[in-house]
Structure formats: C-alpha cells, structure tokens
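What's in run_22.csv: CSV, C-alpha atoms and all ligand atoms
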```csv
chain,number,residue,atom,x,y,z
A,1,MET,CA,-146.3,-83.1,61.3
A,2,MET,CA,-148.5,-80.1,62.1
A,3,MET,CA,-149.9,-77.6,59.8
A,4,SER,CA,-151.0,-74.3,61.3
A,5,GLU,CA,-154.1,-74.6,63.5
A,6,GLN,CA,-157.2,-72.7,62.6
A,7,PHE,CA,-160.0,-71.9,64.9
A,8,SER,CA,-162.8,-71.1,62.6
A,9,GLU,CA,-166.4,-71.8,63.3
A,10,LYS,CA,-166.5,-75.4,62.2
A,11,PRO,CA,-168.5,-78.1,64.0
A,12,PHE,CA,-165.5,-80.0,65.2
A,13,ARG,CA,-162.1,-78.8,66.3
A,14,ARG,CA,-160.3,-82.0,65.3
A,15,LEU,CA,-161.5,-85.0,63.4
A,16,LEU,CA,-159.4,-88.1,63.0
A,17,LEU,CA,-159.5,-90.1,59.8
A,18,THR,CA,-157.8,-93.5,59.9
A,19,GLY,CA,-157.0,-95.3,56.6
A,20,ALA,CA,-156.4,-91.9,55.1
A,21,ALA,CA,-154.0,-93.2,52.5
A,22,GLY,CA,-156.5,-95.8,51.2
A,23,GLY,CA,-159.1,-95.6,48.5
A,24,LEU,CA,-161.9,-94.1,50.6
A,25,GLY,CA,-159.6,-92.1,52.8
A,26,ARG,CA,-158.2,-90.2,49.8
A,27,VAL,CA,-161.8,-89.4,48.7
A,28,LEU,CA,-162.9,-88.4,52.1
A,29,ARG,CA,-159.9,-86.4,53.1
A,30,GLU,CA,-160.9,-83.3,51.1
A,31,ARG,CA,-164.6,-83.7,51.6
A,32,ILE,CA,-164.6,-83.8,55.4
A,33,LYS,CA,-162.6,-80.6,55.7
A,34,PRO,CA,-165.6,-78.3,56.1
A,35,TRP,CA,-166.5,-80.2,59.3
A,36,ALA,CA,-163.4,-79.6,61.3
A,37,SER,CA,-160.7,-76.9,61.9
A,38,ILE,CA,-158.2,-79.7,61.8
A,39,VAL,CA,-158.4,-83.1,60.1
A,40,ARG,CA,-155.8,-85.5,61.5
A,41,LEU,CA,-154.9,-88.0,58.7
A,42,SER,CA,-153.5,-91.3,59.8
A,43,ASP,CA,-152.4,-94.5,58.1
A,44,ILE,CA,-149.7,-97.2,58.5
A,45,VAL,CA,-148.1,-95.6,55.5
A,46,SER,CA,-147.3,-91.9,55.2
A,47,VAL,CA,-149.9,-89.4,54.0
A,48,ASP,CA,-148.4,-86.7,51.9
A,49,ASN,CA,-149.1,-83.3,50.5
A,50,LEU,CA,-150.6,-81.9,53.6
A,51,ARG,CA,-152.7,-78.8,53.1
A,52,GLU,CA,-154.0,-76.1,55.4
A,53,GLY,CA,-156.2,-77.6,58.1
A,54,GLU,CA,-154.6,-81.0,57.8
A,55,GLU,CA,-152.0,-82.9,60.0
A,56,ALA,CA,-150.7,-86.4,59.6
A,57,GLN,CA,-149.6,-89.2,61.9
A,58,VAL,CA,-148.3,-92.5,60.8
A,59,CYS,CA,-149.6,-95.2,63.1
A,60,ASP,CA,-150.0,-99.0,63.0
A,61,LEU,CA,-153.4,-99.7,64.6
A,62,ALA,CA,-151.9,-102.8,66.2
A,63,ASP,CA,-149.5,-100.6,68.3
A,64,LYS,CA,-151.5,-99.8,71.4
A,65,ALA,CA,-149.2,-96.9,72.7
A,66,ALA,CA,-149.1,-95.3,69.3
A,67,VAL,CA,-152.9,-95.4,68.9
A,68,LEU,CA,-153.3,-93.7,72.3
A,69,GLU,CA,-151.0,-90.9,71.1
A,70,LEU,CA,-152.9,-90.8,67.8
A,71,LEU,CA,-156.2,-90.1,69.5
A,72,ARG,CA,-155.1,-87.3,71.7
A,73,ASP,CA,-157.1,-84.0,71.3
A,74,VAL,CA,-159.5,-85.7,68.9
A,75,ASP,CA,-163.2,-84.9,69.1
A,76,ALA,CA,-164.6,-87.7,66.9
A,77,VAL,CA,-163.1,-90.6,64.8
A,78,LEU,CA,-163.8,-91.8,61.3
A,79,HIS,CA,-162.3,-95.2,61.4
A,80,PHE,CA,-161.5,-96.4,57.9
A,81,GLY,CA,-158.1,-98.0,58.5
A,82,GLY,CA,-157.3,-101.7,58.5
A,83,ILE,CA,-157.3,-104.6,56.1
A,84,SER,CA,-160.1,-104.1,53.6
A,85,VAL,CA,-160.3,-107.4,51.8
A,86,GLU,CA,-160.0,-111.1,52.6
A,87,ASP,CA,-156.6,-112.1,53.9
A,88,LYS,CA,-154.9,-114.6,56.2
A,89,PHE,CA,-156.1,-114.5,59.8
A,90,GLU,CA,-152.9,-113.1,61.3
A,91,PRO,CA,-152.7,-109.8,59.5
A,92,ILE,CA,-156.5,-109.3,59.9
A,93,MET,CA,-156.2,-110.0,63.6
A,94,GLN,CA,-153.5,-107.4,64.0
A,95,ALA,CA,-155.1,-104.6,62.0
A,96,ASN,CA,-158.8,-105.2,62.5
A,97,ILE,CA,-159.2,-107.0,65.8
A,98,LEU,CA,-156.3,-105.8,67.9
A,99,GLY,CA,-156.5,-102.5,66.1
A,100,MET,CA,-160.1,-102.0,67.0
A,101,HIS,CA,-159.5,-102.9,70.6
A,102,ASN,CA,-156.6,-100.4,70.8
A,103,LEU,CA,-158.8,-97.7,69.2
A,104,TYR,CA,-161.7,-98.1,71.6
A,105,GLU,CA,-159.4,-98.3,74.7
A,106,ALA,CA,-157.9,-95.0,73.6
A,107,VAL,CA,-161.3,-93.5,72.8
A,108,HIS,CA,-162.5,-94.5,76.3
A,109,LYS,CA,-159.4,-93.3,78.1
A,110,LEU,CA,-159.5,-89.9,76.4
A,111,GLY,CA,-163.2,-89.4,76.7
A,112,ILE,CA,-164.0,-89.2,73.0
A,113,LYS,CA,-167.7,-89.3,72.4
A,114,ARG,CA,-168.3,-90.8,68.9
A,115,VAL,CA,-166.8,-93.1,66.3
A,116,ILE,CA,-168.0,-93.7,62.8
A,117,TYR,CA,-166.8,-97.2,62.0
A,118,ALA,CA,-166.4,-98.5,58.4
A,119,SER,CA,-167.8,-102.0,58.8
A,120,SER,CA,-168.8,-104.0,55.7
A,121,SER,CA,-171.6,-105.9,54.1
A,122,HIS,CA,-169.3,-108.9,54.4
A,123,VAL,CA,-170.6,-109.3,58.0
A,124,VAL,CA,-173.7,-110.8,56.2
A,125,GLY,CA,-172.1,-112.1,53.1
A,126,PHE,CA,-173.4,-115.6,53.5
A,127,TYR,CA,-177.0,-114.5,53.0
A,128,ARG,CA,-178.5,-115.5,49.6
A,129,THR,CA,-179.0,-112.8,47.0
A,130,THR,CA,-182.7,-113.6,47.2
A,131,ASP,CA,-182.8,-112.6,50.9
A,132,LEU,CA,-183.9,-109.2,52.2
A,133,ILE,CA,-182.3,-108.5,55.6
A,134,ASP,CA,-182.0,-105.7,58.1
A,135,ALA,CA,-179.7,-104.6,61.0
A,136,ASP,CA,-181.2,-107.2,63.3
A,137,SER,CA,-180.7,-110.2,61.0
A,138,PRO,CA,-178.2,-112.6,62.5
A,139,LEU,CA,-174.6,-112.1,61.4
A,140,ARG,CA,-173.4,-114.4,58.6
A,141,PRO,CA,-169.8,-113.4,57.8
A,142,ASP,CA,-168.2,-114.7,54.6
A,143,GLY,CA,-164.6,-115.0,55.8
A,144,PHE,CA,-161.9,-113.8,58.2
A,145,TYR,CA,-162.4,-110.2,57.0
A,146,GLY,CA,-166.1,-110.3,57.6
A,147,LEU,CA,-165.5,-111.9,60.9
A,148,SER,CA,-163.2,-109.1,62.0
A,149,LYS,CA,-165.9,-106.6,61.1
A,150,CYS,CA,-168.4,-108.6,63.2
A,151,PHE,CA,-165.9,-108.3,66.0
A,152,GLY,CA,-165.7,-104.5,65.4
A,153,GLU,CA,-169.5,-104.2,65.5
A,154,ALA,CA,-169.8,-106.2,68.7
A,155,LEU,CA,-166.9,-104.4,70.3
A,156,SER,CA,-168.4,-101.0,69.6
A,157,ARG,CA,-171.7,-102.2,71.0
A,158,TYR,CA,-169.9,-103.3,74.2
A,159,TYR,CA,-168.2,-99.9,74.6
A,160,TYR,CA,-171.6,-98.2,74.2
A,161,ASP,CA,-173.3,-100.4,76.7
A,162,ARG,CA,-170.6,-100.1,79.3
A,163,PHE,CA,-169.2,-96.6,78.7
A,164,GLY,CA,-171.7,-94.8,76.6
A,165,ILE,CA,-169.4,-94.2,73.6
A,166,GLU,CA,-171.6,-93.7,70.6
A,167,THR,CA,-170.8,-95.6,67.3
A,168,VAL,CA,-172.4,-95.8,64.0
A,169,CYS,CA,-171.4,-98.9,62.1
A,170,LEU,CA,-171.5,-98.3,58.4
A,171,ARG,CA,-172.0,-101.6,56.6
A,172,ILE,CA,-170.6,-100.3,53.4
A,173,GLY,CA,-171.5,-102.2,50.2
A,174,SER,CA,-169.2,-101.3,47.3
A,175,SER,CA,-168.0,-97.7,47.4
A,176,PHE,CA,-166.1,-97.1,44.2
A,177,PRO,CA,-166.4,-94.5,41.4
A,178,GLU,CA,-168.9,-96.9,39.7
A,179,PRO,CA,-170.2,-100.5,39.9
A,180,ARG,CA,-167.7,-103.0,38.4
A,181,ASN,CA,-170.1,-105.9,37.9
A,182,SER,CA,-173.7,-107.0,38.3
A,183,ARG,CA,-173.3,-107.7,42.0
A,184,MET,CA,-172.3,-104.1,42.5
A,185,MET,CA,-175.5,-102.9,40.9
A,186,VAL,CA,-177.0,-103.9,44.2
A,187,THR,CA,-174.1,-103.0,46.6
A,188,TYR,CA,-173.0,-99.8,44.9
A,189,LEU,CA,-172.6,-96.7,47.2
A,190,SER,CA,-171.5,-93.6,45.4
A,191,TYR,CA,-168.9,-91.4,46.9
A,192,ASP,CA,-171.4,-88.6,47.3
A,193,ASP,CA,-173.8,-90.9,49.1
A,194,LEU,CA,-171.0,-92.2,51.3
A,195,LEU,CA,-170.4,-88.6,52.4
A,196,GLU,CA,-174.1,-88.2,53.1
A,197,LEU,CA,-174.0,-91.3,55.2
A,198,ILE,CA,-171.0,-90.2,57.2
A,199,LYS,CA,-172.6,-86.8,57.6
A,200,ALA,CA,-175.8,-88.4,59.0
A,201,ALA,CA,-173.7,-90.6,61.3
A,202,LEU,CA,-171.6,-87.7,62.6
A,203,PHE,CA,-174.2,-85.0,63.0
A,204,THR,CA,-177.4,-86.8,64.2
A,205,PRO,CA,-177.6,-85.7,67.8
A,206,ARG,CA,-178.2,-89.1,69.5
A,207,VAL,CA,-177.1,-92.3,67.7
A,208,GLY,CA,-176.4,-94.7,70.6
A,209,HIS,CA,-175.0,-97.7,68.8
A,210,SER,CA,-176.4,-97.8,65.3
A,211,ILE,CA,-176.0,-100.1,62.3
A,212,VAL,CA,-176.7,-98.8,58.9
A,213,PHE,CA,-176.2,-100.4,55.4
A,214,GLY,CA,-174.3,-98.2,53.0
A,215,MET,CA,-175.8,-98.4,49.6
A,216,SER,CA,-177.1,-95.9,47.1
A,217,ASP,CA,-180.8,-95.9,46.0
A,218,ASN,CA,-180.2,-98.9,43.8
A,219,PRO,CA,-183.1,-100.6,42.0
A,220,VAL,CA,-182.5,-104.0,43.6
A,221,LYS,CA,-182.1,-104.1,47.4
A,222,TRP,CA,-180.9,-106.8,49.7
A,223,TRP,CA,-180.8,-104.5,52.8
A,224,ASP,CA,-183.6,-102.8,54.6
A,225,ASN,CA,-182.5,-99.6,56.4
A,226,ARG,CA,-185.7,-98.9,58.3
A,227,LYS,CA,-184.0,-99.7,61.6
A,228,ALA,CA,-181.6,-96.8,60.9
A,229,ALA,CA,-184.3,-94.3,60.0
A,230,HIS,CA,-183.3,-92.1,63.0
A,231,LEU,CA,-180.1,-91.3,61.1
A,232,GLY,CA,-182.1,-89.7,58.2
A,233,PHE,CA,-179.7,-91.0,55.6
A,234,LYS,CA,-181.2,-90.4,52.2
A,235,PRO,CA,-179.0,-91.6,49.2
A,236,ASN,CA,-179.3,-89.4,46.1
A,237,ASP,CA,-177.6,-91.6,43.6
A,238,SER,CA,-178.5,-95.0,42.0
A,239,SER,CA,-176.7,-97.7,40.1
A,240,SER,CA,-179.5,-97.5,37.6
A,241,GLU,CA,-177.4,-95.1,35.6
A,242,PHE,CA,-175.0,-97.9,34.8
A,243,ALA,CA,-177.8,-100.5,34.0
A,244,ALA,CA,-176.8,-100.7,30.3
A,245,ARG,CA,-173.4,-102.0,31.2
A,246,PHE,CA,-174.7,-104.9,33.4
A,247,PRO,CA,-177.8,-106.3,31.8
A,248,LEU,CA,-177.6,-109.5,33.9
A,249,SER,CA,-179.5,-108.3,36.9
A,250,ALA,CA,-178.3,-109.5,40.3
A,251,ASP,CA,-181.8,-110.2,41.4
A,252,ARG,CA,-181.9,-113.2,39.1
A,253,PRO,CA,-179.0,-115.4,40.4
A,254,ASP,CA,-177.4,-117.8,38.0
A,255,ALA,CA,-177.6,-121.2,39.9
A,256,GLY,CA,-174.3,-122.3,38.5
A,257,ASP,CA,-172.4,-119.2,39.7
A,258,LEU,CA,-171.7,-119.2,43.4
A,259,SER,CA,-170.8,-115.5,43.4
A,260,SER,CA,-174.2,-114.6,42.3
A,261,LEU,CA,-175.9,-116.9,44.8
A,262,TYR,CA,-174.5,-115.2,47.9
A,263,GLN,CA,-174.5,-111.5,48.9
A,264,GLY,CA,-170.8,-111.7,49.6
A,265,GLY,CA,-170.1,-112.6,45.9
A,266,PRO,CA,-166.4,-113.1,45.2
A,267,PHE,CA,-165.6,-113.2,49.0
A,268,VAL,CA,-167.7,-116.3,49.3
A,269,VAL,CA,-166.2,-118.0,46.3
A,270,ALA,CA,-162.6,-117.2,47.3
A,271,GLY,CA,-163.1,-118.8,50.8
A,272,PRO,CA,-160.7,-118.4,53.6
A,273,GLN,CA,-157.0,-117.6,53.0
A,274,TYR,CA,-154.4,-119.9,54.8
B,1,LIG,P1,-158.1,-99.5,51.5
B,1,LIG,O1,-157.5,-100.8,51.7
B,1,LIG,O2,-157.9,-98.8,50.3
B,1,LIG,O3,-157.7,-98.6,52.7
B,1,LIG,C1,-157.4,-99.1,54.0
B,1,LIG,C2,-156.2,-98.3,54.6
B,1,LIG,O4,-155.9,-98.9,55.9
B,1,LIG,C3,-155.0,-98.5,53.7
B,1,LIG,O5,-154.5,-97.2,53.4
B,1,LIG,C4,-154.0,-99.2,54.6
B,1,LIG,O6,-152.6,-98.8,54.5
B,1,LIG,C5,-154.5,-98.9,56.0
B,1,LIG,N1,-154.1,-99.9,57.0
B,1,LIG,C6,-154.1,-101.3,56.8
B,1,LIG,N2,-153.6,-101.9,57.9
B,1,LIG,C7,-153.3,-100.9,58.8
B,1,LIG,C8,-152.8,-100.9,60.1
B,1,LIG,N3,-152.4,-102.0,60.7
B,1,LIG,N4,-152.7,-99.7,60.7
B,1,LIG,C9,-153.1,-98.5,60.1
B,1,LIG,N5,-153.6,-98.5,58.9
B,1,LIG,C10,-153.7,-99.7,58.2
B,1,LIG,O7,-159.7,-99.7,51.8
B,1,LIG,P2,-160.9,-98.7,51.4
B,1,LIG,O8,-161.6,-99.3,50.2
B,1,LIG,O9,-160.4,-97.3,51.4
B,1,LIG,O10,-161.8,-99.0,52.7
B,1,LIG,C11,-161.7,-98.2,53.8
B,1,LIG,C12,-162.5,-98.9,54.9
B,1,LIG,O11,-163.8,-99.1,54.5
B,1,LIG,C13,-161.9,-100.3,55.3
B,1,LIG,O12,-162.1,-100.5,56.7
B,1,LIG,C14,-162.9,-101.2,54.6
B,1,LIG,O13,-162.9,-102.5,55.3
B,1,LIG,C15,-164.2,-100.5,54.6
B,1,LIG,N6,-165.0,-100.8,53.5
B,1,LIG,C16,-164.8,-100.4,52.2
B,1,LIG,C17,-165.6,-100.7,51.2
B,1,LIG,C18,-165.4,-100.2,49.8
B,1,LIG,O14,-166.3,-100.5,49.0
B,1,LIG,N7,-164.4,-99.4,49.5
B,1,LIG,C19,-166.7,-101.6,51.4
B,1,LIG,C20,-166.9,-102.0,52.8
B,1,LIG,C21,-166.1,-101.6,53.8
B,2,LIG,C1,-165.5,-104.6,51.1
B,2,LIG,O1,-165.8,-104.8,52.3
B,2,LIG,C2,-164.2,-104.2,50.6
B,2,LIG,O2,-163.5,-103.4,51.6
B,2,LIG,C3,-164.2,-103.6,49.3
B,2,LIG,O3,-162.9,-103.5,48.8
B,2,LIG,C4,-165.1,-104.3,48.3
B,2,LIG,O4,-164.6,-105.6,48.1
B,2,LIG,C5,-166.5,-104.4,48.9
B,2,LIG,O5,-166.5,-105.0,50.2
B,2,LIG,C6,-167.4,-105.2,48.0
B,2,LIG,O6,-168.0,-106.2,48.5
B,2,LIG,O7,-167.6,-104.9,46.9
```
Would you mind writing the structure in this file as structure tokens?
Amino acid sequence: MMMSEQFSEKPFRRLLLTGAAGGLGRVLRERIKPWASIVRLSDIVSVDNLREGEEAQVCDLADKAAVLELLRDVDAVLHFGGISVEDKFEPIMQANILGMHNLYEAVHKLGIKRVIYASSSHVVGFYRTTDLIDADSPLRPDGFYGLSKCFGEALSRYYYDRFGIETVCLRIGSSFPEPRNSRMMVTYLSYDDLLELIKAALFTPRVGHSIVFGMSDNPVKWWDNRKAAHLGFKPNDSSSEFAARFPLSADRPDAGDLSSLYQGGPFVVAGPQY
C-alpha cells in the first residue's frame, strides 16, 4: 500500500527496512524517516498504521520473486528481518539463509549499492567472557542462529568482492530499552546508539565490506572496534547507569554458571534446537 510520495531534500529517496514489525523495526521505523523521502516497511506479517512518507509490503524473505519485487526502486536496505533467536534449523534456513541469498540476488539485479545487515554477536558466542576479540577473530557461532548470521556475513563479503555491493555487518549485542541481566551489562546497545551505528554505516562514504560490533560505551568490553574506526561510530550511552541493578559484574564469571563463561550466554546453554 502506498502513501503519497514526497520529494523533499532528504539523503535517500527510498530506504527499505525489513523486519519492520519486530522489536527493533518498530523502534527504527520512526527514527529513520529523516533520512528518506519514503521508507518502505516490510515484514512477513503486516505493518500497520502507515503515516506520511511510509509504505508497506508484506514479504516472506524466503520467497525469491517477492523479494525481487520488494527491492524495486530502493536506494539502500536496512536488513533487520528474519529469525532473531535460536530455533530449529529449517525455519532459520528459510528466513536467514535462503532469505539472505534472495535479498542479495535482488540487490545485485537491481543495482542497489549498500546494505546495512543486522548480524549478531552470536557469530562469536563461543568465545569466553574473559576473551577480548575483534572483527578479524575467527568466527565461533553458538548455534544455528549464530551460524546463519555467519553465512550472512560471508555472503555479503562475497557480493562485495564479486560485485562491489557495500555492506556493513552490525554485530549487535543486546539492543533493548535496558540491560536485563549482568551479561547485558557488557552487550547492551541503547536504541540511541543503535541509531548512531546505523547512521555511521549508512552515511560513511566508503565502507566496502565492514564488520562492527554494536555495543554502547559499557564499562566491561569483550569486543574491540578499532578495525571499524573508519565508520566513526561513537556510542554516547553506557550500561553503567544500570550498575546498581546488576552488581555481579560479567567480567568475573562464575565457573559454575555456563551462561557467564561464554559470550553467547543463554544461547550457549540452550544448545541447538531439534
Ligand atoms: P524480532 O524477532 O523482533 O524481529 C524480526 C522480524 O523479522 C519479525 O518482525 C519477524 O516477523 C520478521 N521475520 C521473521 N521471519 C521472516 C521472514 N521469513 N520473512 C520476513 N520477515 C521475517 O527481532 P529484533 O530484536 O527486532 O531484531 C532485528 C534484527 O536484529 C534480527 O535480524 C536480529 O537477528 C538482529 N539482532 C537483534 C538483536 C537485539 O538485541 N534486538 C541483537 C543481535 C541481532
Ligand atoms: C540476539 O542476536 C537476539 O536477536 C536478541 O534477541 C538477543 O537475544 C541478543 O542477541 C542477546 O544476545 O542478548
């Protein structure tokens, strides 16, 4: 469904946001409007209450033909759609693996120049909470979900190397209104900082294929973002404002508690779903 098109002086004519009905999609929807005359909102479920400058298209990422239609007339993609937690392999394969291939095939066919991809810290969830890693550290996914995000990162790398399509992979930690446990004191990414991160990824002139960890300026760090310095991402928030609520600091893992031994926390404990 189309709302009236505006042609104001905004950086983009049309931005596509996938996963628009999800937790982050609902937060981003309003906040990215200043960047585009039209924001195309898409999800596998319907996105309602369209406002001026918004249009919506229901689309299953696993449907190749539908994804090609979804990407028509789009200048850049914020790809936040798909399965966002651990699940059985089959649904993850459809939404995150097949879906990612469909998306990039369409991006390539239609000549779209840049994708911002919501990857996840679960591509490295099997590192210890005592490790400090960066974008070049070998992948150590903690489940099928993390594996699918590894595929997304590798696939976007391939489409850059072969076709020059630029992607910034955001290895988001935990982006919620506030940390929910002591692990999230390390992985917390405030919504304002998420927006800063996306802004950096979208507006930095040349990004090639970049990987950046998405966390606020939290007191304890597992991830070193110096290899993404070219993006100029500077978080303004910190989980320290919630310190009183989680006195058991995540930099002192409890040896008896698996979820505090590994960066992936509960995803490591839960193990694969069959
Ligand atoms: P969410 O689960 O709330 O939203 C994902 C959306 O994708 C949902 O609205 C869902 O309907 C849609 N979706 C699922 N399967 C689909 C399909 N086959 N076709 C089209 N749409 C489909 O997740 P959330 O928290 O909003 O996360 C958004 C993205 O960011 C996800 O890709 C997630 O993996 C990633 N991420 C989020 C983090 C967070 O802390 N919120 C942390 C790390 C990564
Ligand atoms: C993720 O990748 C998930 O999408 C999100 O729902 C949280 O579980 C987050 O990681 C986290 O690790 O806290």
- Item | Shell around Val67 of chain A at 9 Å using all atoms listed in the file, local window under 6 positions removed, as a VMD selection string | chain A and resid 59 to 61 99 102 to 103 106
- Please work out which residues fall within 8 Å of (-186.1, -109.0, 46.9), coordinates as given in the file, with only C-alpha atoms counting, and return them as a ChimeraX atom specification. /A:130-132,220-222,251
- Quick one: pull the distance between atom CA of Tyr274 of chain A and atom CA of Asp87 of chain A, Å, one decimal.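 Taking atom CA of Tyr274 of chain A as the start and atom CA of Asp87 of chain A as the end point, the length is 8.2 Å.
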- Message: Which residues are near segment 20-28 of chain A? Cut-off 7 Å, all atoms listed in the file, ignore same chain within fewer than 4 positions. Put them as JSON, numbers by chain.
- Response: {"A": [32, 41, 42, 43, 47, 80]}
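A distance search around ligand LIG 2 (chain B) (7 Å at most, all atoms listed in the file) returns the following protein and nucleic acid residues: Ser84, Val85, Ser120, Ser121, His122, Ile172, Gly173, Ser174, Met184, Thr187 and Gly264 of chain A.
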Could the residues in this selection be written to a file with C-alpha atoms, as a CSV table (one decimal), in the coordinates of the input?
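To be explicit, this is the file written out as again_19.csv:
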```
chain,number,residue,atom,x,y,z
A,84,SER,CA,-160.1,-104.1,53.6
A,85,VAL,CA,-160.3,-107.4,51.8
A,120,SER,CA,-168.8,-104.0,55.7
A,121,SER,CA,-171.6,-105.9,54.1
A,122,HIS,CA,-169.3,-108.9,54.4
A,172,ILE,CA,-170.6,-100.3,53.4
A,173,GLY,CA,-171.5,-102.2,50.2
A,174,SER,CA,-169.2,-101.3,47.3
A,184,MET,CA,-172.3,-104.1,42.5
A,187,THR,CA,-174.1,-103.0,46.6
A,264,GLY,CA,-170.8,-111.7,49.6
```
- Check the smallest atom-to-atom distance from each of A:Pro235, A:Ser156, A:Ser259, A:Tyr188 to Ile211 of chain A using all atoms listed in the file, then report the winner. A:Ser156
